[in-house]
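K.L.:
Quick one: structure below, then a few questions.
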Amino acid sequence: VENAPIISDAEYDRLYRELIAFEEAHPEWIMPDSPSQRIGGEAVEGFTKVEHPQQILSLASVTNLEGIVAWRDRIAKLDERVMNADYVIEPKIDGLTIVVHYENGVLARGVTRGNGIIGEDITANVRTIRSVPLRLRESATPYPERLVVRGEAFITLEEFKKLNEKMAANGEKTYQNPRNTAAGSLRQLDPALTASRPLTWYCYSVIDHSGEVPGTQWERLGLLREWGFPVSDFSTWAKDLDEVLAICEDRIPRREELTFEADGIVIKLNDLSLRESLGIVGKDPRGALALKYPAREEITVLNEIRTNVGRTGVITPYAVLEPVDVGGVTVQHATLHNFDYINDKDIREGDRVVIKRAGDVIPYIVGPVLSARKEDSEAYTIPATCPSCGSPLENVEGEVAYYCVNTACPAQLVRNLEHFVSLSAMNIEGLGIKIVEQLAEEGLVNDIADLYQLDPADLLALEGFGEKKVEKLMAAIQASKAQPLARLLNGLGIRGVGEVMAADLVSYFGSLDAL
């Protein structure tokens with residue numbers, strides 16, 4: 001969990017094998033906290049209902065810093081001590097809440113949140129999560145004989161990526177997001193299935209205990225770490241509300257630095273007696289709040305699947321959506337990557353689909369909401385012809401892509417011209433995409449070579465072209481003839497030949513004639 005092992009993997013494996021040999025020879029030696037007890041045993045027929053020692057509460061939320069100030073002012077009217085309070089800030093991990101019970105330092109039970117009052121006993125599954133301590137660590141402050149803690153089970157982004165790559169390699173269906181995968185993994189009746197998933201668990205609060213424990217959240221987090229619980233390094237203390245606001249303002253744009261999915265920042269009054277005295281509203285404690293990140297996932301309707309033609313003839317599908325706000329941006333189109341992606345995810349027109357937008361990445365469709373699919377829904381069929389010129393499409397063996405191989409395809413012409421005149425190629429200033437489209441539509445340019453045969457008189461006849469504009473454009477075209485050979489090769493848009501390959505070819509062959 002802390003990425004700081006004190007022994008090598010090989011030594012760990014050797015000790016583990018030695019332990020297993022001892023336990024096979026002496027079953028009576030097997031202890032509840034043995035590493036061998038992590039792997040799930042027999043499947044259970046169903047989950048037993050368990051009542052929590054205290055209600056497992058949710059959190060009220062706001063979407064901006066002003067909401068945090070309003071929250072503080074509101075609870076300060078109930079208790080003026082709030083105005084001088086300090087706080088603890090924690091990540092709002094997007095996973096599944098698990099409540100874990102310890103008796104005399106040994107894991108005794110793991111329970112889902114359920115409805116906050118009654119959860120399901122999933123102890124056999126929780127035992128398979130390596131970051132959940134089977135036995136607590138001794139420290140200068142002894143752990144209570146009875147201790148109930150709350151934490152969040154999740155799958156890191158890196159592990160989720162690896163899991164999906166493994167599923168895809170085995171020809172199995174991939175998962176849509178880490179949170180649902182973690183939740184589904186923990187509610188398996190067969191613990192062996194749970195054990196096969198790369199689950200992690202972070203602890204963040206004490207729910208119930210015997211004896212005495214510190215009265216502040218920050219001290220408790222420190223003790224939880226000492227006792228062997230994994231606690232997020234993103235948890236921090238803030239001396240007052242101004243510092244809370246500064247930390248939140250700093251962390252919102254740094255969301256991508258997290259190694260796990262988080263949908264917000266949790267702000268808690270550090271003084272637990274003060275927090276408790278403020279009471280709860282419905283299922284939300286007054287003394288804690290969540291600042292929600294802008295949404296990165298939404299659900300909307302996929303109205304139509306259309307296709308674009310790239311400059312190399314690649315046909316790329318994209319989705320036309322019912323407009324939806326995702327992270328403050330209205331999304332109407334989303335990439336569908338390629339036709340294999342559509343088929344693998346079984347994405348269909350008319351589906352309700354999950355849209356994701358992370359950072360500045362182009363929005364894409366994660367997958368369909370199958371439970372909302374209409375009965376008359378039909379699977380998507382890959383088009384047989386190019387949407388621009390109507391030529392038959394070809395699929396090159398060993399490649400995912402489908403191509404339009406018509407070199408006179410209008411859509412390819414525009415994309416090729418756009419690439420040819422770009423900064424990394426011939427760098428012809430004044431030839432933006434709009435003008436390129438205009439020249440192609442008017443029939444003045446039917447291939448790249450035609451740029452060098454343009455007649456100023458023909459340009460002056462076009463809408464939006466004056467003498468100075470035409471003069472500058474013709475000068476830029478003339479100047480491009482002096483560009484190095486590598487730029488010309490790159491500009492030609494040959495599949496597989498970019499800036500680096502073009503430079504290598506020129507370095508090896510020396511001239512265009514030799515090439």
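The way I read the labels, and the way they are meant: chains A, B, ... in the order of the structure tokens, residue 1 as the first residue of every chain, and ligand 1 as the first ligand shown, with later ones counted on from there.
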Near stretch 156-159 of chain A, within 8 Å and counting only C-alpha atoms, which residues show up once chain neighbours fewer than 6 positions away are dropped, as an NGL selection string?
P.N.:
:A and (178 or 198-200 or 259-261)
K.L.:
Take the residues from that selection and write them out as a PDB file, in the first residue's frame, keeping C-alpha atoms.
P.N.:
```pdb
ATOM      1  CA  PRO A 178     -13.190   1.283 -11.427  1.00  0.00           C
ATOM      2  CA  PRO A 198      -6.848  -5.885  -7.625  1.00  0.00           C
ATOM      3  CA  LEU A 199      -8.774  -4.253  -4.767  1.00  0.00           C
ATOM      4  CA  THR A 200      -7.316  -1.692  -2.362  1.00  0.00           C
ATOM      5  CA  THR A 259      -3.880   7.392  -8.471  1.00  0.00           C
ATOM      6  CA  PHE A 260      -7.538   6.534  -7.912  1.00  0.00           C
ATOM      7  CA  GLU A 261     -10.942   7.849  -8.936  1.00  0.00           C
TER       8      GLU A 261
END
```
K.L.:
Identify all residues of stretch 263-459 of chain A in strand (DSSP E or B) (DSSP on the backbone) and supply them as a ChimeraX atom specification.
P.N.:
/A:263-269,271,280-281,284-285,288-292,297-309,314-326,329-335,352-356,364-368,385,392-395,402-404
K.L.:
Using only C-alpha atoms, pick whichever of A:Gly443, A:Gly95, A:Pro383, A:Pro133 has the shortest atom-to-atom distance to A:Arg109.
P.N.:
A:Pro133
K.L.:
Point out the residue among A:Lys162, A:Arg296, A:Arg220, A:Lys468 with the least atom-to-atom distance to A:Asp271, counting only C-alpha atoms.
P.N.:
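Of A:Lys162, A:Arg296, A:Arg220, A:Lys468, the one nearest A:Asp271 is A:Arg220, counting only C-alpha atoms.
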K.L.:
Measuring between only C-alpha atoms, which one of A:Ile68, A:Leu370, A:Val100, A:Val266 shows the shortest distance to A:Phe229?
P.N.:
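Of all the options, A:Val100 lies closest to A:Phe229.
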K.L.:
Rounded to one decimal in Å, what is the spacing between atom CA of A:Gln438 and atom CA of A:Gly310?
P.N.:
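So the two atoms, atom CA of A:Gln438 and atom CA of A:Gly310, lie 18.0 Å apart.
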K.L.:
Report as a list in words all protein, DNA and RNA residues lying within 8 Å of stretch 186-188 of chain A, evaluated on only C-alpha atoms, omitting residues in the same chain fewer than 4 positions from it.
P.N.:
Ile122, Asn125, Val126, Ala182, Leu193 and Thr194 of chain A
K.L.:
Rounded to one decimal in Å, what is the spacing between atom CA of A:Arg275 and atom CA of A:Glu103?
P.N.:
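Pair atom CA of A:Arg275 / atom CA of A:Glu103 returns 26.6 Å.
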K.L.:
So, counting only C-alpha atoms, which residue among A:Ala290, A:Ala502, A:Val369, A:Leu272 is closest to A:Ala85?
P.N.:
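Looking at the shortest contact to A:Ala85, the residue is A:Leu272.
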K.L.:
Let me make sure I understand: among A:Glu66, A:Glu145, A:Glu90, A:Tyr202, which one has the smallest atom-to-atom distance to A:Asn104 if we use only C-alpha atoms?
P.N.:
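Counting only C-alpha atoms, the residue closest to A:Asn104 is A:Glu145.
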K.L.:
Identify all residues of stretch 202-323 of chain A in alpha helix (DSSP H) (DSSP on the backbone) and supply them as a list in words.
P.N.:
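These are the residues in question: Gln217, Trp218, Glu219, Arg220, Leu221, Gly222, Leu223, Leu224, Arg225, Glu226, Leu241, Asp242, Glu243, Val244, Leu245, Ala246, Ile247, Cys248, Glu249, Asp250, Arg251, Leu272, Ser273, Leu274, Arg275, Glu276 and Ser277 of chain A.
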K.L.:
A:Tyr341: which residues within 10 Å, counting only C-alpha atoms, same-chain residues fewer than 5 positions away excluded, as a PyMOL selection string?
P.N.:
chain A and resi 317+336+346-347+365-367+400
K.L.:
Which one is closest to A:Leu147: A:Lys356, A:Lys161, A:Arg130, A:His101? Count only C-alpha atoms.
P.N.:
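Checking each of A:Lys356, A:Lys161, A:Arg130, A:His101 against A:Leu147, counting only C-alpha atoms, the winner is A:His101.
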K.L.:
Could you list, as a short mmCIF file (atom, residue, chain, number, x, y, z; two decimals) with N, CA and C atoms, in the first residue's frame, every residue within 8 Å of A:Tyr87, counting only C-alpha atoms and ignoring same-chain residues fewer than 5 positions away?
P.N.:
```cif
data_model
loop_
_atom_site.label_atom_id
_atom_site.label_comp_id
_atom_site.auth_asym_id
_atom_site.auth_seq_id
_atom_site.Cartn_x
_atom_site.Cartn_y
_atom_site.Cartn_z
N TRP A 237 -4.23 18.41 7.37
CA TRP A 237 -4.83 19.24 8.41
C TRP A 237 -4.83 20.69 7.97
N ALA A 238 -5.86 21.44 8.32
CA ALA A 238 -5.95 22.87 8.00
C ALA A 238 -6.30 23.64 9.27
N LYS A 239 -5.56 24.70 9.54
CA LYS A 239 -5.74 25.42 10.81
C LYS A 239 -7.02 26.24 10.87
N ASP A 240 -7.54 26.65 9.70
CA ASP A 240 -8.78 27.45 9.69
C ASP A 240 -9.44 27.34 8.32
N LEU A 241 -10.56 28.03 8.17
CA LEU A 241 -11.32 27.92 6.92
C LEU A 241 -10.56 28.52 5.75
N VAL A 244 -8.43 25.93 4.44
CA VAL A 244 -9.27 24.93 3.76
C VAL A 244 -9.55 25.37 2.33
N ILE A 267 -14.37 17.68 3.71
CA ILE A 267 -13.92 18.65 4.71
C ILE A 267 -14.62 18.31 6.03
N LYS A 268 -13.83 18.06 7.08
CA LYS A 268 -14.39 17.66 8.37
C LYS A 268 -13.90 18.59 9.46
N LEU A 269 -14.77 18.93 10.41
CA LEU A 269 -14.32 19.60 11.61
C LEU A 269 -13.40 18.62 12.35
N ASN A 270 -12.25 19.11 12.78
CA ASN A 270 -11.28 18.23 13.42
C ASN A 270 -11.74 17.79 14.81
N ASP A 271 -12.40 18.68 15.54
CA ASP A 271 -12.88 18.39 16.89
C ASP A 271 -14.11 17.49 16.81
#
```
K.L.:
Skipping near chain neighbours, those fewer than 6 positions away, what residues fall within 8 Å of A:Gly313 using only C-alpha atoms, listed as a list of chain:residue names?
P.N.:
A:Tyr403, A:Cys404, A:Val405, A:Asn406, A:Gln412
K.L.:
Within 12 Å of A:Ser371, counting only C-alpha atoms, which residues show up once you throw out same-chain ones fewer than 2 positions away? Write them as a list in words, please.
P.N.:
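Once the adjacent positions are removed, what remains is Asp351, Arg352, Val353, Gly367, Pro368, Val369, Arg373, Lys374 and Glu375 of chain A.
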K.L.:
Next, dump the selected residues to file, keeping only N, CA, C and O atoms, as a PDB file, in the first residue's frame.
P.N.:
```pdb
ATOM      1  N   ASP A 351     -29.173   4.014 -27.712  1.00  0.00           N
ATOM      2  CA  ASP A 351     -28.774   3.609 -26.355  1.00  0.00           C
ATOM      3  C   ASP A 351     -28.631   4.818 -25.441  1.00  0.00           C
ATOM      4  O   ASP A 351     -28.275   5.924 -25.885  1.00  0.00           O
ATOM      5  N   ARG A 352     -28.882   4.595 -24.151  1.00  0.00           N
ATOM      6  CA  ARG A 352     -28.407   5.525 -23.137  1.00  0.00           C
ATOM      7  C   ARG A 352     -26.964   5.103 -22.861  1.00  0.00           C
ATOM      8  O   ARG A 352     -26.689   3.931 -22.630  1.00  0.00           O
ATOM      9  N   VAL A 353     -26.048   6.061 -22.939  1.00  0.00           N
ATOM     10  CA  VAL A 353     -24.630   5.722 -22.841  1.00  0.00           C
ATOM     11  C   VAL A 353     -23.951   6.567 -21.768  1.00  0.00           C
ATOM     12  O   VAL A 353     -24.378   7.678 -21.450  1.00  0.00           O
ATOM     13  N   GLY A 367     -19.521   3.140 -22.457  1.00  0.00           N
ATOM     14  CA  GLY A 367     -20.317   1.973 -22.803  1.00  0.00           C
ATOM     15  C   GLY A 367     -21.798   2.265 -22.654  1.00  0.00           C
ATOM     16  O   GLY A 367     -22.198   3.319 -22.166  1.00  0.00           O
ATOM     17  N   PRO A 368     -22.647   1.341 -23.071  1.00  0.00           N
ATOM     18  CA  PRO A 368     -24.096   1.544 -22.981  1.00  0.00           C
ATOM     19  C   PRO A 368     -24.639   1.167 -21.605  1.00  0.00           C
ATOM     20  O   PRO A 368     -24.033   0.374 -20.877  1.00  0.00           O
ATOM     21  N   VAL A 369     -25.786   1.759 -21.268  1.00  0.00           N
ATOM     22  CA  VAL A 369     -26.521   1.349 -20.065  1.00  0.00           C
ATOM     23  C   VAL A 369     -27.497   0.272 -20.531  1.00  0.00           C
ATOM     24  O   VAL A 369     -28.591   0.566 -21.019  1.00  0.00           O
ATOM     25  N   ARG A 373     -31.770  -0.293 -22.425  1.00  0.00           N
ATOM     26  CA  ARG A 373     -31.830  -0.512 -23.873  1.00  0.00           C
ATOM     27  C   ARG A 373     -33.246  -0.888 -24.320  1.00  0.00           C
ATOM     28  O   ARG A 373     -33.933  -1.679 -23.673  1.00  0.00           O
ATOM     29  N   LYS A 374     -33.665  -0.331 -25.448  1.00  0.00           N
ATOM     30  CA  LYS A 374     -34.989  -0.615 -25.992  1.00  0.00           C
ATOM     31  C   LYS A 374     -35.010  -2.012 -26.626  1.00  0.00           C
ATOM     32  O   LYS A 374     -34.001  -2.485 -27.142  1.00  0.00           O
ATOM     33  N   GLU A 375     -36.175  -2.642 -26.615  1.00  0.00           N
ATOM     34  CA  GLU A 375     -36.305  -4.010 -27.121  1.00  0.00           C
ATOM     35  C   GLU A 375     -36.050  -4.102 -28.622  1.00  0.00           C
ATOM     36  O   GLU A 375     -35.550  -5.115 -29.111  1.00  0.00           O
TER      37      GLU A 375
END
```
